[in-house]
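Student: Supplied in structure tokens, the structure appears directly below.
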Amino acid sequence: MSRNKNAAAPVLFILAGIAVWQGAVTFSGIQPWLLPSPLKVMATLWEMLPLLAKHSGSTLLAAVSGLLAAVLLALCLAAVMDLSPWFKQGLYPLLVLSQTVPIISVAPLFLIWFGLGLFPKIVVVALVCFFPVAVSTVAGMESADPAMVNLLKVMGSSRWQIIRLVRLPAALPSFFAGLKIAGTYAVMGAVIGEWLGASSGLGVYMTRASHSYQLDRVFAAIFVISLVSLLLFLLITLLARLAMPWYYKERNNDNV
Amino acid sequence: MAILELVNLTKYYEVNGNRLPVLDGISASLGEGEFVGLIGPSGCGKSTLFNIICGLVKPDGGTLLLDGREGGSPRDVVSYMPQKDLLFPWRSVLDNVVLAREVAGENREAAKREARSLMPLFGLEGFENSFPAQLSGGMRQRAAMMRTALARRPVWLLDEPFGALDAITRKRMQRWILEVWERFKQTVFLVTHDIEEALFLSDRVYVLTPRPARVALHLEVGLSRPRSAGTMTEPEFLKLKKRLMEVLE
């Protein structure tokens, strides 16, 4: 019941926003190449669906591959940093520093190095997604209860066993929080990669459309990008529920 | 021969360049199959003492004899039950209680079979696949106790195992732990703040002074076994209780 109520409010706001937009476009008589009406955008979306689907596929491939690469790298690095404080001391500031480099300024380098194919896009996505996953996983591993670690030590655990049995499971909620952020960045990263140069993808479609002032197509592409990002987010939420049933049961118990 | 013997243990901590003595020459011994209690005011250094016995902290002086020998690994002798149950929230009850066996690299299925057969004794039948968050406080402590038991070490170190429970559950758990003890014939070293609990459960009780901790009193509890709820109102029990209260004041 409260769930329905929660869904009703945002839907109402979205519908109101669209109505205002439609009204403003209809009554002001603004040119469609400056601002198309939502109805026009929907019509274009319907008409362009096969083409958009093809471009979405290529964007999604880059986004998901990049995200997976980022997760793999982040997990390895988090484990190594947990095993060696020295490594962590040296590497952690570097991680933070890497975030001050605007990705949009280094992306053209990847095009020069790796060409126009899929690979440079994956690299851009991986770079964007790596940081939130790595930082949240490291923080999650640090949050493991030291008393649990001591308990394992008294049982005679090796350092790797401590990581596997306590630190990684304890890091899961935090890891998934980071992964959700990374998931929403992933599609954006792929689109940025495509803007700078690619042969297919939603970013390519958008660049072409905006160069010819077909703003209805740009908006249609934006809509698809939002939709794809949302789906990715929901997929990650579902994975989180499957991977940590205990976490959600615990939260449900707290509510009782 | 004592299975675990503490000989003149001392421990200091460095605080702002000052040496703060925590343990000031503690000696105690635990015979095989004995139930020994340890009482002391809070903050007297009991945790430090337990950490030394577990091998997590090195003493600055004195020795720890395991099975009469020096230099052995406490991990082979001691199984530790902490104050908080420390059940892993991401593991089911069954997976939690076999943890020590899993760490030792033993066959998980065999350990689980043994765990299943012990579930009734520990009052956890039907909760094998529940997560710790779904259990009551008393059940969580019993699961932690079972994890301690399944580690198969000759000495159980129990650090205020019932400290967080309500008074009624606590009394019930005290009678229950004696059943478990009689079944496993373990050596138990129990830390508690509760004078009645220490007397009701133990063969002998050590009382520590406030920090720096020394042994203020070593008391033989001559009460007959098996003990029951009525034990706590026997004149002998009350006499011992009075004695302990005087020392702790």
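Chain labels A, B, ... are given in the sequence in which chains occur in the structure tokens; within each chain residues are numbered consecutively from 1, and ligands are likewise numbered from 1 in the order shown.
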Pick out the residues sitting within 6 Å of segment 53-66 of chain B, and hand them over as a list in words; count only C-alpha atoms, and ignore anything fewer than 2 positions along from it in its own chain.

Tutor: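 Counting only C-alpha atoms, the residues come to Ile3, Leu4, Glu5, Leu6, Val7, Asn8, Leu9, Thr10, Lys11, Phe50, Asn51, Gly68, Arg69, Glu70 and Pro74 of chain B.
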
Student: Excluding Ala70 of chain A and its own-chain neighbours fewer than 6 positions away, which residues fall within 12 Å of it when counting only C-alpha atoms? Please give them as a PyMOL selection string.

Tutor: chain A and resi 62-64+76-78+122-135+178-179+182-183+185-186

Student: Could you pull out all residues of segment 65-124 of chain B with a DSSP call of strand (DSSP E) and give them as a list of chain:residue names?

Tutor: B:Leu65, B:Leu66, B:Arg69, B:Glu70, B:Val78, B:Ser79, B:Tyr80, B:Met81

Student: Produce a file of the selected residues containing all heavy atoms, as a tab-separated table (two decimals), in the first residue's frame.

Tutor:
```tsv
chain	number	residue	atom	x	y	z
B	65	LEU	N	51.42	-21.42	29.88
B	65	LEU	CA	51.71	-22.83	29.66
B	65	LEU	C	50.47	-23.52	29.11
B	65	LEU	O	49.40	-23.47	29.72
B	65	LEU	CB	52.12	-23.51	30.97
B	65	LEU	CG	53.39	-22.98	31.65
B	65	LEU	CD1	53.64	-23.73	32.94
B	65	LEU	CD2	54.59	-23.11	30.72
B	66	LEU	N	50.63	-24.13	27.95
B	66	LEU	CA	49.52	-24.86	27.35
B	66	LEU	C	49.85	-26.34	27.45
B	66	LEU	O	50.88	-26.77	26.94
B	66	LEU	CB	49.36	-24.46	25.88
B	66	LEU	CG	49.17	-22.97	25.64
B	66	LEU	CD1	49.46	-22.61	24.20
B	66	LEU	CD2	47.78	-22.55	26.03
B	69	ARG	N	53.29	-27.07	28.60
B	69	ARG	CA	54.45	-26.69	27.80
B	69	ARG	C	54.41	-25.20	27.48
B	69	ARG	O	53.34	-24.60	27.37
B	69	ARG	CB	54.50	-27.48	26.51
B	69	ARG	CG	55.10	-28.87	26.67
B	69	ARG	CD	54.96	-29.68	25.41
B	69	ARG	NE	53.56	-29.99	25.13
B	69	ARG	CZ	52.92	-29.63	24.02
B	69	ARG	NH1	53.55	-28.94	23.09
B	69	ARG	NH2	51.67	-29.95	23.83
B	70	GLU	N	55.61	-24.65	27.28
B	70	GLU	CA	55.72	-23.25	26.94
B	70	GLU	C	55.84	-23.11	25.42
B	70	GLU	O	56.35	-24.02	24.77
B	70	GLU	CB	56.97	-22.67	27.61
B	70	GLU	CG	56.88	-21.20	27.93
B	70	GLU	CD	58.13	-20.72	28.65
B	70	GLU	OE1	58.61	-21.43	29.55
B	70	GLU	OE2	58.62	-19.65	28.30
B	78	VAL	N	42.68	-23.33	22.47
B	78	VAL	CA	41.63	-22.45	22.95
B	78	VAL	C	40.58	-22.17	21.89
B	78	VAL	O	40.89	-21.97	20.72
B	78	VAL	CB	42.28	-21.12	23.41
B	78	VAL	CG1	41.26	-20.01	23.47
B	78	VAL	CG2	42.96	-21.31	24.75
B	79	SER	N	39.32	-22.18	22.30
B	79	SER	CA	38.23	-21.74	21.45
B	79	SER	C	37.54	-20.59	22.17
B	79	SER	O	37.24	-20.68	23.35
B	79	SER	CB	37.27	-22.90	21.22
B	79	SER	OG	36.17	-22.46	20.50
B	80	TYR	N	37.29	-19.51	21.45
B	80	TYR	CA	36.92	-18.26	22.09
B	80	TYR	C	35.49	-17.89	21.76
B	80	TYR	O	35.08	-17.88	20.60
B	80	TYR	CB	37.90	-17.20	21.60
B	80	TYR	CG	37.60	-15.79	21.98
B	80	TYR	CD1	37.40	-15.43	23.31
B	80	TYR	CD2	37.55	-14.78	21.01
B	80	TYR	CE1	37.14	-14.12	23.66
B	80	TYR	CE2	37.29	-13.47	21.36
B	80	TYR	CZ	37.10	-13.15	22.68
B	80	TYR	OH	36.84	-11.85	23.01
B	81	MET	N	34.71	-17.57	22.78
B	81	MET	CA	33.36	-17.05	22.56
B	81	MET	C	33.30	-15.63	23.07
B	81	MET	O	33.36	-15.39	24.27
B	81	MET	CB	32.32	-17.90	23.29
B	81	MET	CG	30.93	-17.34	23.14
B	81	MET	SD	29.70	-18.43	23.83
B	81	MET	CE	28.26	-17.38	23.80
```

Student: Report as a ChimeraX atom specification all protein, DNA and RNA residues lying within 9 Å of segment 240-246 of chain A, evaluated on only C-alpha atoms, omitting residues in the same chain fewer than 6 positions from it.

Tutor: /A:169,172-173,176 /B:89-92,131-133

Student: Those residues you just picked out, can you put them in a file as a tab-separated table (two decimals), in the first residue's frame with C-alpha atoms?

Tutor:
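So again-v8.tsv came out as:
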```tsv
chain	number	residue	atom	x	y	z
A	169	PRO	CA	31.17	-10.27	2.51
A	172	LEU	CA	29.13	-6.29	-0.20
A	173	PRO	CA	26.53	-3.64	0.80
A	176	PHE	CA	26.74	-2.60	-4.40
B	89	PRO	CA	25.24	-11.84	9.30
B	90	TRP	CA	25.76	-13.15	5.76
B	91	ARG	CA	25.92	-16.80	6.84
B	92	SER	CA	23.06	-19.04	7.88
B	131	PHE	CA	20.14	-15.80	9.23
B	132	PRO	CA	21.40	-14.52	12.61
B	133	ALA	CA	19.26	-11.37	12.30
```

Student: Quick one: everything within 7 Å of Met206 of chain A, counting only C-alpha atoms, minus sequence neighbours fewer than 4 positions away in the same chain. Send it as a ChimeraX atom specification.

Tutor: /A:202,210,218,221

Student: For Ile162 of chain A, list every protein, DNA or RNA residue within 7 Å, evaluated using only C-alpha atoms, and leave out those in the same chain fewer than 4 positions away; present the list as a count of residues only.

Tutor: 6

Student: Counting only C-alpha atoms, which residue out of A:Phe27, A:Trp21, A:Trp46, A:Trp33 sits closest to Phe223 of chain A?

Tutor: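 The closest residue to Phe223 of chain A is A:Trp46.
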
Student: For Gln83 of chain B, find every residue with an atom within 10 Å (counting only C-alpha atoms), except residues of its own chain fewer than 4 positions away, and show them as a list in words.

Tutor: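 What passes the distance filter is Ala147 of chain A; Gln141, Ala144, Leu158, Asp159, Glu160, Pro161, Phe162, Gly163, Ala164, Val191 and Thr192 of chain B.
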
Student: Filtering to N, CA, C and O atoms, could you give me those residues as a tab-separated table (two decimals), in the first residue's frame?

Tutor:
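Final output, out_0.tsv:
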```
chain	number	residue	atom	x	y	z
A	147	ALA	N	36.50	-7.27	15.58
A	147	ALA	CA	36.29	-8.40	16.50
A	147	ALA	C	36.06	-9.69	15.71
A	147	ALA	O	36.50	-10.76	16.12
B	141	GLN	N	23.18	-16.31	21.14
B	141	GLN	CA	24.24	-16.72	22.04
B	141	GLN	C	24.43	-18.23	22.00
B	141	GLN	O	25.56	-18.72	22.06
B	144	ALA	N	26.38	-19.01	18.96
B	144	ALA	CA	27.79	-18.67	19.16
B	144	ALA	C	28.47	-19.73	20.02
B	144	ALA	O	29.62	-20.11	19.78
B	158	LEU	N	34.98	-18.12	27.61
B	158	LEU	CA	33.70	-17.45	27.43
B	158	LEU	C	33.78	-16.06	28.05
B	158	LEU	O	33.98	-15.93	29.25
B	159	ASP	N	33.63	-15.05	27.22
B	159	ASP	CA	33.76	-13.68	27.68
B	159	ASP	C	32.38	-13.06	27.88
B	159	ASP	O	31.74	-12.64	26.93
B	160	GLU	N	31.92	-13.03	29.11
B	160	GLU	CA	30.59	-12.51	29.46
B	160	GLU	C	29.53	-12.95	28.45
B	160	GLU	O	28.89	-12.11	27.81
B	161	PRO	N	29.35	-14.25	28.30
B	161	PRO	CA	28.49	-14.73	27.22
B	161	PRO	C	27.03	-14.30	27.36
B	161	PRO	O	26.33	-14.20	26.37
B	162	PHE	N	26.59	-14.03	28.60
B	162	PHE	CA	25.17	-13.71	28.79
B	162	PHE	C	24.96	-12.26	29.18
B	162	PHE	O	23.89	-11.87	29.62
B	163	GLY	N	26.02	-11.46	29.03
B	163	GLY	CA	25.99	-10.08	29.50
B	163	GLY	C	24.88	-9.24	28.90
B	163	GLY	O	24.33	-8.36	29.56
B	164	ALA	N	24.53	-9.53	27.64
B	164	ALA	CA	23.57	-8.66	26.96
B	164	ALA	C	22.13	-9.18	27.06
B	164	ALA	O	21.23	-8.58	26.49
B	191	VAL	N	34.52	-15.47	31.97
B	191	VAL	CA	34.61	-14.13	32.54
B	191	VAL	C	33.21	-13.59	32.73
B	191	VAL	O	32.36	-13.74	31.86
B	192	THR	N	32.96	-12.98	33.90
B	192	THR	CA	31.63	-12.41	34.13
B	192	THR	C	31.72	-11.27	35.13
B	192	THR	O	32.69	-11.14	35.89
```

Student: What is the atom CA of Val247 of chain B to atom CA of Arg225 of chain B distance in Å?

Tutor: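 Value for the atom CA of Val247 of chain B-atom CA of Arg225 of chain B distance: 25.2 Å.
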
Student: Which of these, A:Asp216, A:Leu234, A:Ser200, A:Ala144, has the shortest distance to Leu86 of chain B once you count only C-alpha atoms?

Tutor: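 Looking only at the distances to Leu86 of chain B, the closest residue turns out to be A:Ala144.
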
Student: Go through segment 86-223 of chain A and collect every residue that DSSP, computed from the backbone, puts in alpha helix (DSSP H); the answer should be as a PyMOL selection string.

Tutor: chain A and resi 86-98+103-114+118-142+146-154+159-162+168-196+202-211+215-223
